[in-house]
file final_9.csv (CSV, C-alpha atoms and all ligand atoms)
chain,number,residue,atom,x,y,z
A,1,MET,CA,87.0,118.9,90.6
A,2,LYS,CA,89.9,117.4,88.7
A,3,VAL,CA,93.2,117.0,90.4
A,4,THR,CA,96.3,116.5,88.2
A,5,ILE,CA,99.7,115.6,89.7
A,6,LEU,CA,102.2,117.6,87.7
A,7,GLY,CA,105.2,116.9,89.9
A,8,SER,CA,105.5,114.0,92.3
A,9,GLY,CA,109.2,114.5,93.1
A,10,SER,CA,111.3,116.4,95.5
A,11,CYS,CA,114.4,118.6,95.1
A,12,VAL,CA,116.2,115.8,93.4
A,13,PHE,CA,116.0,116.3,89.6
A,14,SER,CA,114.4,113.4,87.8
A,15,LEU,CA,113.0,112.8,84.3
A,16,LYS,CA,110.3,110.7,85.8
A,17,ARG,CA,109.2,113.1,88.5
A,18,ALA,CA,109.1,116.9,88.3
A,19,SER,CA,109.2,118.8,91.6
A,20,SER,CA,106.1,119.5,93.6
A,21,SER,CA,103.0,120.8,91.7
A,22,ILE,CA,99.4,120.0,91.4
A,23,LEU,CA,96.8,121.4,89.1
A,24,ILE,CA,93.2,121.9,90.4
A,25,GLU,CA,90.5,122.4,87.8
A,26,THR,CA,86.9,122.9,89.0
A,27,GLY,CA,85.3,124.1,85.8
A,28,SER,CA,85.6,127.8,86.4
A,29,THR,CA,88.7,127.9,88.6
A,30,ASN,CA,92.2,126.7,87.7
A,31,LEU,CA,94.7,126.8,90.5
A,32,LEU,CA,98.2,125.6,90.7
A,33,LEU,CA,99.3,124.2,94.1
A,34,ASP,CA,103.0,124.8,94.2
A,35,ALA,CA,105.2,125.5,91.1
A,36,GLY,CA,108.2,123.3,91.5
A,37,THR,CA,110.9,122.7,88.9
A,38,GLY,CA,109.5,121.1,85.8
A,39,CYS,CA,105.8,121.9,86.3
A,40,THR,CA,105.6,124.2,83.3
A,41,ARG,CA,106.8,121.3,81.1
A,42,ARG,CA,104.1,119.1,82.6
A,43,LEU,CA,101.4,121.7,81.9
A,44,LEU,CA,102.5,121.7,78.3
A,45,GLU,CA,102.4,117.9,78.2
A,46,LYS,CA,98.9,118.1,79.5
A,47,GLY,CA,97.9,120.6,76.9
A,48,PHE,CA,97.1,123.3,79.5
A,49,ARG,CA,97.7,126.9,78.7
A,50,ILE,CA,99.1,128.9,81.6
A,51,GLU,CA,96.9,131.9,80.7
A,52,GLU,CA,94.0,129.8,82.0
A,53,LEU,CA,95.4,129.8,85.5
A,54,ASP,CA,93.7,131.9,88.1
A,55,GLY,CA,96.7,131.7,90.5
A,56,ILE,CA,99.3,129.8,92.4
A,57,PHE,CA,99.1,128.6,96.0
A,58,LEU,CA,102.6,128.2,97.5
A,59,SER,CA,102.6,125.7,100.4
A,60,HIS,CA,106.0,127.2,101.4
A,61,PHE,CA,108.9,128.9,99.7
A,62,HIS,CA,111.4,126.0,99.2
A,63,PRO,CA,112.5,126.1,95.6
A,64,ASP,CA,111.2,122.6,94.8
A,65,HIS,CA,107.7,124.2,95.4
A,66,SER,CA,108.2,127.8,94.1
A,67,SER,CA,111.0,127.9,91.5
A,68,GLU,CA,108.7,128.2,88.5
A,69,LEU,CA,106.7,131.0,89.9
A,70,VAL,CA,109.0,133.6,88.2
A,71,PRO,CA,109.1,131.9,84.8
A,72,ILE,CA,105.3,131.6,84.8
A,73,LEU,CA,104.8,135.3,85.7
A,74,PHE,CA,107.4,136.3,83.0
A,75,SER,CA,105.7,134.2,80.4
A,76,LEU,CA,102.3,135.6,81.3
A,77,LYS,CA,103.6,139.1,80.8
A,78,TYR,CA,105.6,138.5,77.6
A,79,GLY,CA,104.2,135.3,76.1
A,80,ASN,CA,101.7,136.9,73.9
A,81,TYR,CA,98.7,135.2,75.5
A,82,SER,CA,95.4,136.4,74.2
A,83,ASN,CA,93.0,135.5,77.0
A,84,LEU,CA,94.8,136.7,80.2
A,85,LYS,CA,92.5,136.9,83.2
A,86,ASP,CA,91.9,140.3,84.9
A,87,LYS,CA,93.7,139.1,88.1
A,88,PHE,CA,96.4,136.6,88.9
A,89,TYR,CA,96.5,135.4,92.5
A,90,ILE,CA,99.4,134.3,94.5
A,91,LEU,CA,98.4,132.6,97.8
A,92,GLY,CA,100.5,131.5,100.7
A,93,GLY,CA,101.6,131.8,104.3
A,94,SER,CA,103.2,134.4,106.4
A,95,GLY,CA,106.0,136.3,104.6
A,96,LEU,CA,104.4,135.8,101.1
A,97,LYS,CA,104.2,139.6,100.4
A,98,ALA,CA,107.9,140.0,101.4
A,99,PHE,CA,108.8,137.0,99.3
A,100,TYR,CA,107.1,138.5,96.2
A,101,GLU,CA,108.5,142.0,96.9
A,102,ASN,CA,112.0,140.5,97.1
A,103,LEU,CA,111.5,138.7,93.8
A,104,THR,CA,110.5,142.1,92.2
A,105,LYS,CA,113.7,143.6,93.6
A,106,VAL,CA,115.5,141.1,91.4
A,107,TYR,CA,113.2,140.9,88.4
A,108,GLY,CA,111.5,144.3,88.5
A,109,HIS,CA,108.7,144.9,86.0
A,110,TRP,CA,109.5,141.7,84.2
A,111,ILE,CA,107.2,139.9,86.6
A,112,ASP,CA,104.7,142.6,87.7
A,113,LEU,CA,101.8,141.7,85.3
A,114,GLU,CA,100.9,145.4,85.3
A,115,GLY,CA,98.8,145.4,88.5
A,116,LYS,CA,97.0,142.1,87.9
A,117,ILE,CA,98.8,140.3,90.7
A,118,GLN,CA,96.9,139.9,94.0
A,119,ILE,CA,98.8,138.5,96.9
A,120,LEU,CA,96.7,136.7,99.5
A,121,GLU,CA,98.8,136.1,102.6
A,122,PHE,CA,97.3,133.8,105.2
A,123,ASP,CA,97.9,134.2,108.9
A,124,LYS,CA,98.8,130.8,110.3
A,125,ASN,CA,96.7,131.5,113.4
A,126,ASN,CA,93.6,131.9,111.2
A,127,SER,CA,92.1,128.8,109.6
A,128,GLU,CA,88.8,130.5,108.6
A,129,LYS,CA,87.2,129.4,105.4
A,130,PHE,CA,87.4,131.8,102.5
A,131,GLU,CA,85.9,132.0,99.1
A,132,PHE,CA,88.0,131.9,96.0
A,133,ASN,CA,86.0,132.2,92.8
A,134,ASP,CA,83.6,129.3,92.9
A,135,ILE,CA,85.4,127.3,95.5
A,136,THR,CA,85.8,127.4,99.3
A,137,MET,CA,89.2,126.9,100.9
A,138,SER,CA,90.9,126.9,104.3
A,139,THR,CA,94.5,126.6,105.4
A,140,PHE,CA,96.2,124.8,108.3
A,141,PRO,CA,99.8,125.5,109.5
A,142,VAL,CA,102.0,122.4,109.2
A,143,ASN,CA,105.3,121.6,110.8
A,144,HIS,CA,108.0,122.2,108.1
A,145,ARG,CA,108.8,125.9,107.6
A,146,PRO,CA,107.3,128.8,109.5
A,147,GLU,CA,105.2,129.8,106.5
A,148,SER,CA,104.1,126.2,105.7
A,149,LEU,CA,100.4,125.7,105.1
A,150,ALA,CA,98.2,122.7,104.1
A,151,LEU,CA,95.2,123.6,101.9
A,152,LYS,CA,91.7,122.3,101.9
A,153,ILE,CA,89.3,122.8,99.0
A,154,TRP,CA,85.5,122.3,99.0
A,155,ASP,CA,83.9,121.9,95.6
A,156,ASN,CA,80.6,120.4,94.7
A,157,LYS,CA,80.3,118.6,98.0
A,158,LYS,CA,83.7,117.0,97.8
A,159,THR,CA,86.7,117.9,99.9
A,160,PHE,CA,90.4,117.8,98.9
A,161,VAL,CA,93.4,118.4,101.1
A,162,TYR,CA,97.0,119.0,100.0
A,163,SER,CA,99.6,118.7,102.8
A,164,GLY,CA,102.6,120.4,101.2
A,165,ASP,CA,105.7,119.3,102.9
A,166,MET,CA,105.2,118.4,106.5
A,167,ASP,CA,106.5,116.6,109.6
A,168,ILE,CA,104.2,115.3,112.3
A,169,THR,CA,101.7,118.1,113.1
A,170,THR,CA,99.3,118.1,116.0
A,171,GLY,CA,95.7,118.6,114.9
A,172,PHE,CA,96.2,117.6,111.3
A,173,GLU,CA,93.8,114.7,111.7
A,174,MET,CA,91.0,117.1,112.4
A,175,PHE,CA,91.9,119.3,109.4
A,176,ILE,CA,91.7,116.3,107.1
A,177,ARG,CA,88.6,114.8,108.8
A,178,ASN,CA,86.4,112.8,106.4
A,179,CYS,CA,88.0,114.4,103.3
A,180,ASP,CA,87.4,112.6,100.0
A,181,LEU,CA,91.0,112.9,98.8
A,182,LEU,CA,94.2,113.6,100.7
A,183,VAL,CA,97.4,114.3,98.8
A,184,ILE,CA,100.1,114.0,101.4
A,185,GLU,CA,103.8,113.9,101.3
A,186,ALA,CA,105.8,110.7,102.1
A,187,SER,CA,109.3,111.8,101.3
A,188,MET,CA,111.2,108.8,102.6
A,189,PRO,CA,110.6,105.1,103.3
A,190,ASP,CA,109.5,104.1,106.8
A,191,ASN,CA,113.0,103.2,108.0
A,192,LEU,CA,114.7,106.4,106.6
A,193,LYS,CA,112.6,109.2,108.1
A,194,VAL,CA,114.2,112.6,108.0
A,195,LYS,CA,113.3,115.7,110.0
A,196,GLY,CA,110.7,117.9,108.3
A,197,HIS,CA,109.1,115.1,106.3
A,198,LEU,CA,106.8,112.1,106.7
A,199,THR,CA,107.0,108.4,105.7
A,200,PRO,CA,104.2,106.3,104.2
A,201,GLU,CA,103.5,104.7,107.6
A,202,ILE,CA,103.0,108.1,109.4
A,203,ALA,CA,100.9,109.4,106.5
A,204,ALA,CA,98.7,106.3,106.8
A,205,GLU,CA,98.3,106.8,110.5
A,206,LYS,CA,97.1,110.4,109.9
A,207,ALA,CA,94.8,109.3,107.1
A,208,LYS,CA,93.3,106.6,109.3
A,209,ALA,CA,92.8,108.9,112.2
A,210,GLY,CA,91.2,111.5,109.9
A,211,ASN,CA,88.9,108.9,108.3
A,212,VAL,CA,90.1,109.9,104.9
A,213,ARG,CA,88.4,108.2,101.9
A,214,LYS,CA,91.4,108.1,99.5
A,215,MET,CA,95.1,109.0,99.9
A,216,VAL,CA,97.7,109.9,97.4
A,217,LEU,CA,101.3,109.8,98.5
A,218,THR,CA,103.8,112.2,96.8
A,219,HIS,CA,107.0,114.2,97.1
A,220,PHE,CA,109.2,111.2,96.6
A,221,TYR,CA,113.0,111.2,97.0
A,222,PRO,CA,114.8,108.5,94.9
A,223,GLN,CA,115.0,106.2,98.0
A,224,CYS,CA,111.2,105.8,97.8
A,225,GLU,CA,111.4,103.8,94.5
A,226,ARG,CA,111.3,100.3,96.1
A,227,LYS,CA,108.7,97.5,96.2
A,228,ASP,CA,108.1,97.5,99.9
A,229,PHE,CA,107.4,101.2,100.2
A,230,LEU,CA,103.8,100.7,101.0
A,231,VAL,CA,103.8,97.5,103.0
A,232,ASN,CA,103.4,99.1,106.5
A,233,ALA,CA,101.1,101.8,105.2
A,234,ARG,CA,98.7,99.3,103.7
A,235,ASP,CA,98.5,97.5,107.1
A,236,ILE,CA,97.4,100.7,108.7
A,237,PHE,CA,95.1,102.5,106.2
A,238,LYS,CA,92.7,100.1,104.6
A,239,ASN,CA,91.2,102.6,102.0
A,240,GLU,CA,92.8,103.2,98.7
A,241,ILE,CA,96.4,104.4,98.7
A,242,ILE,CA,97.8,105.7,95.4
A,243,LEU,CA,101.5,106.4,94.6
A,244,ALA,CA,101.5,109.7,92.7
A,245,LYS,CA,102.9,109.8,89.2
A,246,ASP,CA,103.4,112.8,87.1
A,247,LEU,CA,100.4,113.7,84.9
A,248,MET,CA,98.1,111.3,86.9
A,249,GLU,CA,94.5,112.7,87.0
A,250,ILE,CA,92.0,112.1,89.8
A,251,LYS,CA,88.4,113.2,89.4
A,252,LEU,CA,86.3,114.1,92.5
A,301,ZN,ZN,109.6,119.9,99.1
A,302,ZN,ZN,110.1,121.9,101.8
call {"tool": "encode", "arguments": {"input": "final_9.csv", "output": "structure tokens"}}
result
Amino acid sequence: MKVTILGSGSCVFSLKRASSSILIETGSTNLLLDAGTGCTRRLLEKGFRIEELDGIFLSHFHPDHSSELVPILFSLKYGNYSNLKDKFYILGGSGLKAFYENLTKVYGHWIDLEGKIQILEFDKNNSEKFEFNDITMSTFPVNHRPESLALKIWDNKKTFVYSGDMDITTGFEMFIRNCDLLVIEASMPDNLKVKGHLTPEIAAEKAKAGNVRKMVLTHFYPQCERKDFLVNARDIFKNEIILAKDLMEIKL
């Protein structure tokens, strides 16, 4: 599995950090985790063609995670791609079908992909594992928006978890237990915590409690760009901590 950070930023526009988006490539499955503003530019910079995508998982519907869903669908329909897949999946939490239907009320057939779109809406009370192409996944509701889900992927005996946006969530330590790579949000420095989000210190406590092997922090507001950002986190979590950068690749 290859994990590419396409956007390590937040809702604040930045040339350095696109909004939230991660590309997962397993060999036969290519999945976008969130499609925040700027992610399509990053895919181009990476040399990845969007026709190779199997789908998009939306951790929640905030625009810094979902705003480029519509341009991607529009481009897939009218961009003259030669190798479009038979199906295009949109995965997410409760309300996803209504979210997509409301988009089609605005954009109509411009984004319908002529029947190829498959909506997979996950009930937040059901964390059962499911198969998606060659990978196994499961979701876990996190404290941010009612539809917010973290996602776990198993591939080739490795496990990966993406938190999406979250505040402190009971049971998250169990969901991330022993995972090889955790990409988790740390939106603000330790002394500037805001409701709905984590800080590096809290993320480190979760990663330690979950016995995570490696942690990548992401979803940075501009206040995060300071030298002491990781001081407390490094005291707590002794395994590797990486600060996400756009276009960073991590192989598992
Ligand atoms: Zn966000
Ligand atoms: Zn959010």
call {"tool": "residues_around", "arguments": {"input": "final_9.csv", "residues": "Asp54 in chain A", "least_positions_apart": "6", "cutoff": "7 Å", "atoms": "all atoms listed in the file", "output": "ChimeraX atom specification"}}
result
/A:29-31,88-89
call {"tool": "closest_residue", "arguments": {"input": "final_9.csv", "among": "A:Val212, A:Leu103, A:Ile56, A:Val142", "to": "ligand ZN 302 (chain A)", "atoms": "only C-alpha atoms and all ligand atoms"}}
result
A:Val142
call {"tool": "residues_near_ligand", "arguments": {"input": "final_9.csv", "ligand": "ligand ZN 302 (chain A)", "cutoff": "8 Å", "atoms": "all atoms listed in the file", "output": "list in words"}}
result
His60, Phe61, His62, Pro63, Asp64, His65, His144, Arg145, Gly164, Asp165, Met166 and Gly196 of chain A
call {"tool": "write_last_selection", "arguments": {"input": "final_9.csv", "atoms": "C-alpha atoms", "output": "PDB file, in the coordinates of the input"}}
result
ATOM      1  CA  HIS A  60     106.000 127.200 101.400  1.00  0.00           C
ATOM      2  CA  PHE A  61     108.900 128.900  99.700  1.00  0.00           C
ATOM      3  CA  HIS A  62     111.400 126.000  99.200  1.00  0.00           C
ATOM      4  CA  PRO A  63     112.500 126.100  95.600  1.00  0.00           C
ATOM      5  CA  ASP A  64     111.200 122.600  94.800  1.00  0.00           C
ATOM      6  CA  HIS A  65     107.700 124.200  95.400  1.00  0.00           C
ATOM      7  CA  HIS A 144     108.000 122.200 108.100  1.00  0.00           C
ATOM      8  CA  ARG A 145     108.800 125.900 107.600  1.00  0.00           C
ATOM      9  CA  GLY A 164     102.600 120.400 101.200  1.00  0.00           C
ATOM     10  CA  ASP A 165     105.700 119.300 102.900  1.00  0.00           C
ATOM     11  CA  MET A 166     105.200 118.400 106.500  1.00  0.00           C
ATOM     12  CA  GLY A 196     110.700 117.900 108.300  1.00  0.00           C
TER      13      GLY A 196
END
call {"tool": "closest_residue", "arguments": {"input": "final_9.csv", "among": "A:Arg226, A:Lys97, A:Lys116, A:Arg234", "to": "Ala203 in chain A", "atoms": "all atoms listed in the file"}}
result
A:Arg234
call {"tool": "atom_distance", "arguments": {"input": "final_9.csv", "atom1": "CA of Leu151 in chain A", "atom2": "CA of Val3 in chain A"}}
result
13.4 Å
call {"tool": "residues_around", "arguments": {"input": "final_9.csv", "residues": "Trp154 in chain A", "least_positions_apart": "2", "cutoff": "8 Å", "atoms": "only C-alpha atoms", "output": "PyMOL selection string"}}
result
chain A and resi 135-137+152+156-160
call {"tool": "atom_distance", "arguments": {"input": "final_9.csv", "atom1": "CA of Leu53 in chain A", "atom2": "CA of Ile117 in chain A"}}
result
12.2 Å
call {"tool": "closest_residue", "arguments": {"input": "final_9.csv", "among": "A:Leu91, A:Leu58, A:Val183, A:Leu113", "to": "Leu73 in chain A", "atoms": "only C-alpha atoms"}}
result
A:Leu113
call {"tool": "closest_residue", "arguments": {"input": "final_9.csv", "among": "A:Gly79, A:Asn126, A:Ser148, A:Met174", "to": "ligand ZN 301 (chain A)", "atoms": "all atoms listed in the file"}}
result
A:Ser148
call {"tool": "residues_around", "arguments": {"input": "final_9.csv", "residues": "Leu6 in chain A", "least_positions_apart": "2", "cutoff": "10 Å", "atoms": "all atoms listed in the file", "output": "compact mmCIF listing (two decimals) with C-alpha atoms, keeping the file's coordinate frame"}}
result
# COMPACT_ATOMS: atom_id res chain seq x y z
CA VAL A 3 93.20 117.00 90.40
CA THR A 4 96.30 116.50 88.20
CA SER A 8 105.50 114.00 92.30
CA GLY A 9 109.20 114.50 93.10
CA ARG A 17 109.20 113.10 88.50
CA ALA A 18 109.10 116.90 88.30
CA SER A 19 109.20 118.80 91.60
CA SER A 20 106.10 119.50 93.60
CA SER A 21 103.00 120.80 91.70
CA ILE A 22 99.40 120.00 91.40
CA LEU A 23 96.80 121.40 89.10
CA LEU A 32 98.20 125.60 90.70
CA LEU A 33 99.30 124.20 94.10
CA ASP A 34 103.00 124.80 94.20
CA ALA A 35 105.20 125.50 91.10
CA GLY A 36 108.20 123.30 91.50
CA GLY A 38 109.50 121.10 85.80
CA CYS A 39 105.80 121.90 86.30
CA THR A 40 105.60 124.20 83.30
CA ARG A 41 106.80 121.30 81.10
CA ARG A 42 104.10 119.10 82.60
CA LEU A 43 101.40 121.70 81.90
CA GLU A 45 102.40 117.90 78.20
CA LYS A 46 98.90 118.10 79.50
CA ALA A 244 101.50 109.70 92.70
CA LYS A 245 102.90 109.80 89.20
CA ASP A 246 103.40 112.80 87.10
CA LEU A 247 100.40 113.70 84.90
CA MET A 248 98.10 111.30 86.90
CA GLU A 249 94.50 112.70 87.00
call {"tool": "residues_around", "arguments": {"input": "final_9.csv", "residues": "Gly95 in chain A", "least_positions_apart": "5", "cutoff": "9 Å", "atoms": "only C-alpha atoms", "output": "VMD selection string"}}
result
chain A and resid 100 121 147
call {"tool": "write_last_selection", "arguments": {"input": "final_9.csv", "atoms": "C-alpha atoms", "output": "compact mmCIF listing (two decimals), in the coordinates of the input"}}
result
# COMPACT_ATOMS: atom_id res chain seq x y z
CA TYR A 100 107.10 138.50 96.20
CA GLU A 121 98.80 136.10 102.60
CA GLU A 147 105.20 129.80 106.50
call {"tool": "atom_distance", "arguments": {"input": "final_9.csv", "atom1": "CA of Leu198 in chain A", "atom2": "CA of Met215 in chain A"}}
result
13.9 Å
call {"tool": "closest_residue", "arguments": {"input": "final_9.csv", "among": "A:Asp112, A:Glu131, A:Glu25, A:Asp167", "to": "Asn143 in chain A", "atoms": "all atoms listed in the file"}}
result
A:Asp167
call {"tool": "build_atoms", "arguments": {"input": "final_9.csv", "residues": "range 211-222 of chain A", "atoms": "all heavy atoms", "output": "mmCIF file, in the coordinates of the input"}}
result
data_model
loop_
_atom_site.group_PDB
_atom_site.id
_atom_site.type_symbol
_atom_site.label_atom_id
_atom_site.label_comp_id
_atom_site.auth_asym_id
_atom_site.auth_seq_id
_atom_site.Cartn_x
_atom_site.Cartn_y
_atom_site.Cartn_z
ATOM 1 N N ASN A 211 89.948 109.550 109.051
ATOM 2 C CA ASN A 211 88.900 108.900 108.300
ATOM 3 C C ASN A 211 88.797 109.377 106.853
ATOM 4 O O ASN A 211 87.727 109.676 106.317
ATOM 5 C CB ASN A 211 87.528 109.132 109.015
ATOM 6 C CG ASN A 211 86.443 108.212 108.504
ATOM 7 O OD1 ASN A 211 86.719 107.063 108.160
ATOM 8 N ND2 ASN A 211 85.219 108.716 108.424
ATOM 9 N N VAL A 212 89.961 109.451 106.250
ATOM 10 C CA VAL A 212 90.100 109.900 104.900
ATOM 11 C C VAL A 212 89.581 108.834 103.915
ATOM 12 O O VAL A 212 89.777 107.645 104.162
ATOM 13 C CB VAL A 212 91.568 110.251 104.591
ATOM 14 C CG1 VAL A 212 91.854 110.397 103.111
ATOM 15 C CG2 VAL A 212 91.966 111.505 105.348
ATOM 16 N N ARG A 213 88.936 109.239 102.822
ATOM 17 C CA ARG A 213 88.400 108.200 101.900
ATOM 18 C C ARG A 213 89.502 107.671 100.979
ATOM 19 O O ARG A 213 89.573 106.465 100.752
ATOM 20 C CB ARG A 213 87.316 108.892 101.035
ATOM 21 C CG ARG A 213 86.678 107.938 100.076
ATOM 22 C CD ARG A 213 85.340 108.419 99.612
ATOM 23 N NE ARG A 213 84.380 108.428 100.703
ATOM 24 C CZ ARG A 213 83.161 108.941 100.609
ATOM 25 N NH1 ARG A 213 82.778 109.477 99.483
ATOM 26 N NH2 ARG A 213 82.333 108.920 101.625
ATOM 27 N N LYS A 214 90.351 108.531 100.446
ATOM 28 C CA LYS A 214 91.400 108.100 99.500
ATOM 29 C C LYS A 214 92.653 108.899 99.737
ATOM 30 O O LYS A 214 92.565 110.107 99.959
ATOM 31 C CB LYS A 214 90.895 108.258 98.075
ATOM 32 C CG LYS A 214 91.809 107.687 97.012
ATOM 33 C CD LYS A 214 91.354 108.075 95.608
ATOM 34 C CE LYS A 214 90.126 107.339 95.158
ATOM 35 N NZ LYS A 214 89.874 107.521 93.698
ATOM 36 N N MET A 215 93.813 108.247 99.669
ATOM 37 C CA MET A 215 95.100 109.000 99.900
ATOM 38 C C MET A 215 96.043 108.779 98.772
ATOM 39 O O MET A 215 96.248 107.672 98.288
ATOM 40 C CB MET A 215 95.692 108.393 101.230
ATOM 41 C CG MET A 215 97.073 108.947 101.533
ATOM 42 S SD MET A 215 97.664 108.491 103.189
ATOM 43 C CE MET A 215 98.045 106.765 102.969
ATOM 44 N N VAL A 216 96.634 109.893 98.359
ATOM 45 C CA VAL A 216 97.700 109.900 97.400
ATOM 46 C C VAL A 216 98.989 110.291 98.043
ATOM 47 O O VAL A 216 99.041 111.354 98.670
ATOM 48 C CB VAL A 216 97.393 110.846 96.189
ATOM 49 C CG1 VAL A 216 98.565 110.888 95.214
ATOM 50 C CG2 VAL A 216 96.124 110.448 95.472
ATOM 51 N N LEU A 217 100.004 109.471 97.941
ATOM 52 C CA LEU A 217 101.300 109.800 98.500
ATOM 53 C C LEU A 217 102.161 110.485 97.396
ATOM 54 O O LEU A 217 102.109 110.070 96.233
ATOM 55 C CB LEU A 217 102.041 108.598 99.034
ATOM 56 C CG LEU A 217 101.335 107.848 100.160
ATOM 57 C CD1 LEU A 217 102.159 106.636 100.582
ATOM 58 C CD2 LEU A 217 101.068 108.756 101.352
ATOM 59 N N THR A 218 102.950 111.495 97.791
ATOM 60 C CA THR A 218 103.800 112.200 96.800
ATOM 61 C C THR A 218 105.017 112.775 97.436
ATOM 62 O O THR A 218 105.333 112.475 98.567
ATOM 63 C CB THR A 218 102.893 113.348 96.156
ATOM 64 O OG1 THR A 218 103.578 113.874 95.019
ATOM 65 C CG2 THR A 218 102.615 114.484 97.142
ATOM 66 N N HIS A 219 105.773 113.581 96.668
ATOM 67 C CA HIS A 219 107.000 114.200 97.100
ATOM 68 C C HIS A 219 108.109 113.150 97.393
ATOM 69 O O HIS A 219 108.726 113.120 98.451
ATOM 70 C CB HIS A 219 106.797 115.070 98.361
ATOM 71 C CG HIS A 219 107.879 116.091 98.620
ATOM 72 N ND1 HIS A 219 108.968 115.833 99.419
ATOM 73 C CD2 HIS A 219 108.037 117.353 98.187
ATOM 74 C CE1 HIS A 219 109.741 116.906 99.472
ATOM 75 N NE2 HIS A 219 109.196 117.843 98.720
ATOM 76 N N PHE A 220 108.352 112.318 96.387
ATOM 77 C CA PHE A 220 109.200 111.200 96.600
ATOM 78 C C PHE A 220 110.702 111.517 96.280
ATOM 79 O O PHE A 220 111.031 112.027 95.211
ATOM 80 C CB PHE A 220 108.829 110.023 95.654
ATOM 81 C CG PHE A 220 107.416 109.561 95.885
ATOM 82 C CD1 PHE A 220 106.547 109.417 94.811
ATOM 83 C CD2 PHE A 220 106.960 109.259 97.158
ATOM 84 C CE1 PHE A 220 105.243 108.985 95.007
ATOM 85 C CE2 PHE A 220 105.655 108.823 97.366
ATOM 86 C CZ PHE A 220 104.797 108.688 96.281
ATOM 87 N N TYR A 221 111.553 111.203 97.236
ATOM 88 C CA TYR A 221 113.000 111.200 97.000
ATOM 89 C C TYR A 221 113.299 109.816 96.299
ATOM 90 O O TYR A 221 112.502 108.875 96.385
ATOM 91 C CB TYR A 221 113.770 111.282 98.299
ATOM 92 C CG TYR A 221 113.905 112.708 98.780
ATOM 93 C CD1 TYR A 221 112.858 113.343 99.448
ATOM 94 C CD2 TYR A 221 115.076 113.437 98.548
ATOM 95 C CE1 TYR A 221 112.965 114.653 99.878
ATOM 96 C CE2 TYR A 221 115.188 114.747 98.972
ATOM 97 C CZ TYR A 221 114.134 115.352 99.643
ATOM 98 O OH TYR A 221 114.249 116.648 100.048
ATOM 99 N N PRO A 222 114.475 109.707 95.635
ATOM 100 C CA PRO A 222 114.800 108.500 94.900
ATOM 101 C C PRO A 222 114.735 107.218 95.809
ATOM 102 O O PRO A 222 114.431 106.118 95.342
ATOM 103 C CB PRO A 222 116.182 108.700 94.360
ATOM 104 C CG PRO A 222 116.286 110.185 94.240
ATOM 105 C CD PRO A 222 115.491 110.745 95.394
#
